[in-house]
Each structure stands twice: as structure tokens, then as C-alpha cells.
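What follows is a single structure, written as C-alpha cells, with notes after it.
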Amino acid sequence: MIKKTITIISAILINISMLSQVRSYDENAILIATENIQGTARYTAMSGAFGALGGNLSATNANPASFAVFNQSEVSITLGNKSNNTDVQFGNTTTNNSNSNFGFPQGGAVLIFDNDNKAWSKFGVGINFTKTNQFDQKYLIKGNDNISNELYFLEPVTGIDLYDNVSSQKMLNHTIGDNTKTNFTFSGKYLNNTYFGISISNNTISYEQTVNINEQSADVNNNTFNANQVQKLLVNGEGLSMSFGVITKPYKNLRLGLSYQTPTFYTLEEEYTENTDIMLSNDNDVIETVESAFEYELKTPSKLTGSIAYVFGEKGLISMDYDYKDYSSIKISPTSEFTNENDFIDTQLSGISSLKIGAEYRLNKLSFRGGFNIEESIYKNILSRNTDATKGYSLGLGMKLFNNSKLDFSYTNTFSRDTYFYLNAADPAELVNDDHRINATITFSL
């Protein structure tokens with residue numbers, strides 16, 4: 001059979017991801033703007049509720065005043081494993097998917113300098129690295145909604161038959177990469193009960209998505225249609241933000257914290273490729289290639305955090321953080337090229353609240369920890385997206401090894417729902433995500 005070949009190569013193709021199964025620009029913006037609770041094992045064991053506590057390297061993600069709370073210089077490194085279970089329901093078929101990834105979610109150091117000045121008695125300066133989001137995931141959408149997608153695949157071709165008898169539809173979605181944040185923090189202790197801090201954060205994004213789509217169908221004369229398409233999206237870039245924070249002790253055991261994180265301003269580069277191979281039993285085969293590259297800018301939401309904690313002497317503590325982020329403030333630039341995406345963000349996304357609660361009980365050289373967190377859905381109409389609040393809980397154990405070292409462990413579980421709009425299906429695929437993380441942190445005092 002003689003093959004018909006169609007090749008389209010474009011240097012700039014603005015809306016290509018809007019016409020395909022890889023993430024669109026607005027979906028990528030949401031992904032990049034989302035940060036998970038990640039860091040040291042003590043931080044994650046208490047669900048990240050450290051905005052009024054400080055004294056932990058990862059606490060700079062909640063409040064940059066945290067470094068001045070340290071009594072001595074410290075260095076820590078964290079190893080972690082993330083496992084993900086995703087149940088996908090599409091066309092009355094449910095598919096279970098499992099993934100696992102081992103990595104390096106945190107590392108950092110703080111240097112503490114005592115000062116004889118009565119007003120400013122201590123300063124802390126340091127650096128902390130965190131993987132705020134890990135994108136490693138693979139899941140299969142498999143089923144049959146009996147709605148043919150032949151026009152999607154054969155749009156460049158005219159005069160084709162109608163292959164309406166769908167026998168199989170499936171899509172394999174595979175993502176890898178991460179979003180990292182490196183905080184450069186300076187903080188100071190003022191008048192023995194108040195701590196101030198500022199952080200400059202460098203964010204890097206590395207995201208790769210590969211989508212494999214297959215559909216098989218036939219017409220009334222049993223002529224067959226077999227389409228295979230592979231789409232690949234690469235997104236890389238960097239962004240800068242700043243954070244300001246204060247922690248105060250109005251009473252002996254009470255701690256209050258307030259911090260503000262500016263929007264992160266990213267410059268992103270995207271590369272997209274699409275290869276389509278269609279076999280028709282009653283016509284020429286079709287091969288199509290699409291390539292594009294584009295650079296754009298992204299502004300993520302700012303974040304405001306209010307915190308409160310109560311310390312029970314040497315026995316333990318309880319703490320709570322409240323965060324607010326307005327996802328409708330996301331902007332993709334140049335705005336003239338992304339009118340539809342920015343309109344969607346402005347009209348469909350909302351400001352959201354999240355709550356983190358953590359507790360710790362100390363018994364000799366052991367510390368027992370736990371936490372809970374909940375975050376609202378970012379969509380105004382949660383029913384149309386079948387989304388719900390993201391919920392999670394955490395547990396942990398810490399132990400003092402020697403006078404200058406500690407070993408901490410944590411386990412976190414996060415549950416969320418989402419949808420994936422498969423081509424022109426009448427109903428989207430429904431995704432139920434169940435994430436499990438185990439972190440281990442070794443800390444040395446200097």
C-alpha cells in the first residue's frame with residue numbers, strides 16, 4: 001500500500017497544546033503554581049505547620065524568620081520515596097496504576113551568629129533546597145465511550161469514510177520531572193521575643209510529558225481504522241520570588257507568625273512534537289508530524305500565611321498554619337497571545353485556603369509527631385471538574401543520636417480527585433490519586 005505522508009513543521013505554534021492531549025498552557029500554569037508539603041522529615045511529619053515555630057530548615061518555606069529561631073548552626077539532608085496509586089475510570093472501565101520514585105527532596109544549612117547588641121541579639125543566614133513538586137507519574141486511560149475520534153486524527157484529510165463502530169480507546173500518560181526551590185534566607189532576633197526574616201527564592205522547572213493514544217474502529221462495511229499518536233511536551237525554565245516574615249512570642253508559650261510570599265515570575269521554554277500514524281484498510285495510510293517551540297512568561301499567585309503555635313515546655317507542642325493563594329491571579333505572557341488561557345484562569349479559578357495542623361510529643365530522646373492538612377479545590381465549579389479538597393495526614397518519629405546529631409522519619413498520605421478530558425469524549429476520565437511519601441532526615445549541629 002502506498003503511504004500518504006503529511007509533514008508540518010512550525011517554529012512557533014501557539015495553541016498546539018490546546019489542540020492535543022498534553023497539558024495546555026493554563027493547565028501547565030496550575031501545575032507549576034502548585035507546591036506540595038515537602039522537606040525535612042520533622043517538617044513533613046507535622047504537615048508543614050511551622051510558620052510560627054521556625055527552628056527547622058524547611059520552615060523557611062512557611063516563614064523566612066525561621067532561621068533566627070535556631071540556637072546553633074545546623075546542616076541536614078533528606079532522602080525520600082514517593083509512591084502513587086491512581087485509579088482511572090473511563091467508559092465504564094476502571095484501571096489501577098502504580099508508580100514509585102526515590103529521590104532527594106531536601107538539603108540545606110544555616111549558620112547562627114550571636115551578637116552582643118541588646119536589640120539584635122542573633123542572626124541566621126543559610127540556604128535550603130526543596131523539591132516542591134515531583135511530576136513522576138504514569139497512568140493508563142482505557143475503555144470505550146463509543147464516540148469516534150476519527151475527525152481528530154484525520155482532520156487534514158477530506159473525503160474519508162465514517163468509522164463509527166469504536167472497538168478500543170486507550171491513552172498512556174507518562175510525566176517526569178520536578179519543580180525545585182532554593183531559598184537564600186537572612187533573619188534576625190529582635191528584643192528577645194521577635195524574629196524577622198527575608199528570603200530570595202530561585203525556582204527551577206523541568207517537566208516532560210509523553211502521551212500515547214490509540215483508537216481502533218470500523219465503518220458499516222467493516223473497513224478498519226487504527227490510529228496511533230505520540231505527543232511529547234518539554235517545559236523548562238526558572239523563576240524568582242521573595243518572602244518576608246515575622247515570628248513573635250507575645251507570651252511565654254505562645255508563638256505567632258505572619259509571612260508573605262510574592263508571586264514567582266518564570267521564564268519558560270516549551271518544545272512540542274507530535275507523530276501520528278493512521279492505518280486504513282480501505283485507503284492510503286496517513287503519517288503526520290508536528291513540531292513547535294515557544295518561549296513565554298508565567299506569574300504564579302502570591303501566598304499569605306498566618307500561623308499560631310503553643311509550646312508545652314519540653315514536653316511538646318501544637319501548631320497551625322493558614323495559607324491563602326488566589327489562583328485566578330495567574331497570568332501567562334505575552335497576554336495578547338494567551339487571551340483564551342488567561343480568560344479561563346480569571347473566570348474558572350478561585351482563591352483558595354489551606355489549613356495545616358501539626359503536633360509533637362517528646363519523651364526522653366524520642367519525639368512522636370503527627371499532622372493533618374486540607375486544601376480547597378482551585379476551581380470555582382468543582383462539580384464540572386469532579387474535584388474535591390485535597391486532604392492528607394502525616395506521622396513521624398524523631399530520635400537524638402548523639403549530642404550533635406538527630407535522625408527523623410516521616411510518612412505522609414495525600415488524597416485527591418481530578419479529571420482528564422480525553423479527546424472529544426462525552427465524559428472525561430475520572431482520576432483518584434493516592435500519594436504516599438516516606439522521608440528520612442539526618443541532621444548535624446555545628
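Residues in the C-alpha cells are numbered from 1 in each chain, the chains being A, B, ... in the order shown, and ligands are numbered from 1 in the order shown.
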query = Per DSSP on the backbone, what are the strand (DSSP E) residues of segment 85-324 of chain A, as a PyMOL selection string?
reply = chain A and resi 85-90+93-114+120-134+137-143+165-190+194-218+224-248+254-261+265-280+286-299+303-311+316-324
key: 7 Å contact set for Val69 of chain A, only C-alpha atoms, chain neighbours under 3 positions out, as a ChimeraX atom specification   = /A:54-55,66
Please dump the current selection as a PDB file, in the first residue's frame; keep C-alpha atoms.
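And here's result12.pdb as it stands now:
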```pdb
ATOM      1  CA  GLY A  54      10.838  28.043  62.947  1.00  0.00           C
ATOM      2  CA  GLY A  55      13.967  26.215  64.028  1.00  0.00           C
ATOM      3  CA  SER A  66      12.601  30.701  60.950  1.00  0.00           C
TER       4      SER A  66
END
```
ask   = For Lys303 of chain A, which residue among A:Gly396, A:Pro263, A:Gly103, A:Pro64 is the nearest when counting only C-alpha atoms?
value =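 The shortest atom-to-atom distance to Lys303 of chain A comes from A:Pro263.
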ask   = What's the 9 Å shell around Asn56 of chain A, counting only C-alpha atoms, without same-chain residues fewer than 2 positions away, as a count of residues only?
value = 13
task = May I have the residues within 12 Å of Ala68 of chain A as number ranges by chain, using only C-alpha atoms and disregarding those fewer than 2 positions away in the same chain?
result = A: 53-57, 59-60, 63-66, 70-74, 110-115, 120-126, 185-190, 192-198, 245-248
key: Selected residue, from A:Lys325, A:Lys170, A:Lys315, A:Arg362, that lies nearest to Asn226 of chain A when counting only C-alpha atoms   =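 That would be A:Lys170, the residue with the smallest distance to Asn226 of chain A.
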inquiry  = Need to verify the contact set: Ile176 of chain A, 6 Å, only C-alpha atoms, exclusion of same-chain residues closer than 4 positions in sequence. Can you return it as a list in words?
reply    =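 Answer for this query is Phe135, Asp136 and Glu208 of chain A.
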Next, dump the selected residues to file, keeping only C-alpha atoms, as an mmCIF file, in the first residue's frame.
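Listed below is the output, out_15.cif:
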```cif
data_model
loop_
_atom_site.group_PDB
_atom_site.id
_atom_site.type_symbol
_atom_site.label_atom_id
_atom_site.label_comp_id
_atom_site.auth_asym_id
_atom_site.auth_seq_id
_atom_site.Cartn_x
_atom_site.Cartn_y
_atom_site.Cartn_z
ATOM 1 C CA PHE A 135 5.896 15.027 38.424
ATOM 2 C CA ASP A 136 6.846 11.352 38.055
ATOM 3 C CA GLU A 208 8.324 16.199 30.402
#
```
query = What is the distance between atom CA of Leu363 of chain A and atom CA of Phe312 of chain A, in Å to one decimal?
reply =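 Interatomic distance, atom CA of Leu363 of chain A to atom CA of Phe312 of chain A: 12.6 Å.
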key: Distance query Phe368 of chain A at most 6 Å, only C-alpha atoms, self and fewer than 5 positions along chain excluded, as a list in words   =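 The residues satisfying every condition are Glu360, Tyr361 and Leu397 of chain A.
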Next, write the just-selected residues to a file, as a compact mmCIF listing (two decimals), in the first residue's frame, keeping N, CA, C and O atoms as the atom set.
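Dumped to result.txt:
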```txt
# COMPACT_ATOMS: atom_id res chain seq x y z
N GLU A 360 3.61 17.60 68.27
CA GLU A 360 4.80 16.84 68.63
C GLU A 360 4.80 16.56 70.13
O GLU A 360 4.51 17.46 70.93
N TYR A 361 5.12 15.31 70.50
CA TYR A 361 5.24 14.93 71.91
C TYR A 361 6.62 14.34 72.12
O TYR A 361 7.04 13.43 71.39
N LEU A 397 8.56 10.09 63.51
CA LEU A 397 9.34 9.75 64.68
C LEU A 397 10.71 10.38 64.58
O LEU A 397 11.35 10.34 63.52
```
request  = Would you mind reading off the distance between atom CA of Ile147 of chain A and atom CA of Leu172 of chain A, one decimal, in Å?
outcome  =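 Calculated distance between atom CA of Ile147 of chain A and atom CA of Leu172 of chain A is 18.6 Å.
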ask   = For Tyr152 of chain A, which residue among A:Thr175, A:Asn36, A:Asn222, A:Asn424 is the nearest when counting only C-alpha atoms?
value =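 Between A:Thr175, A:Asn36, A:Asn222, A:Asn424, the residue approaching Tyr152 of chain A most closely is A:Asn424.
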ask   = Which is closest to Leu234 of chain A among A:Ala52, A:Ala309, A:Ala359, A:Ala293, if we use only C-alpha atoms?
value = A:Ala293
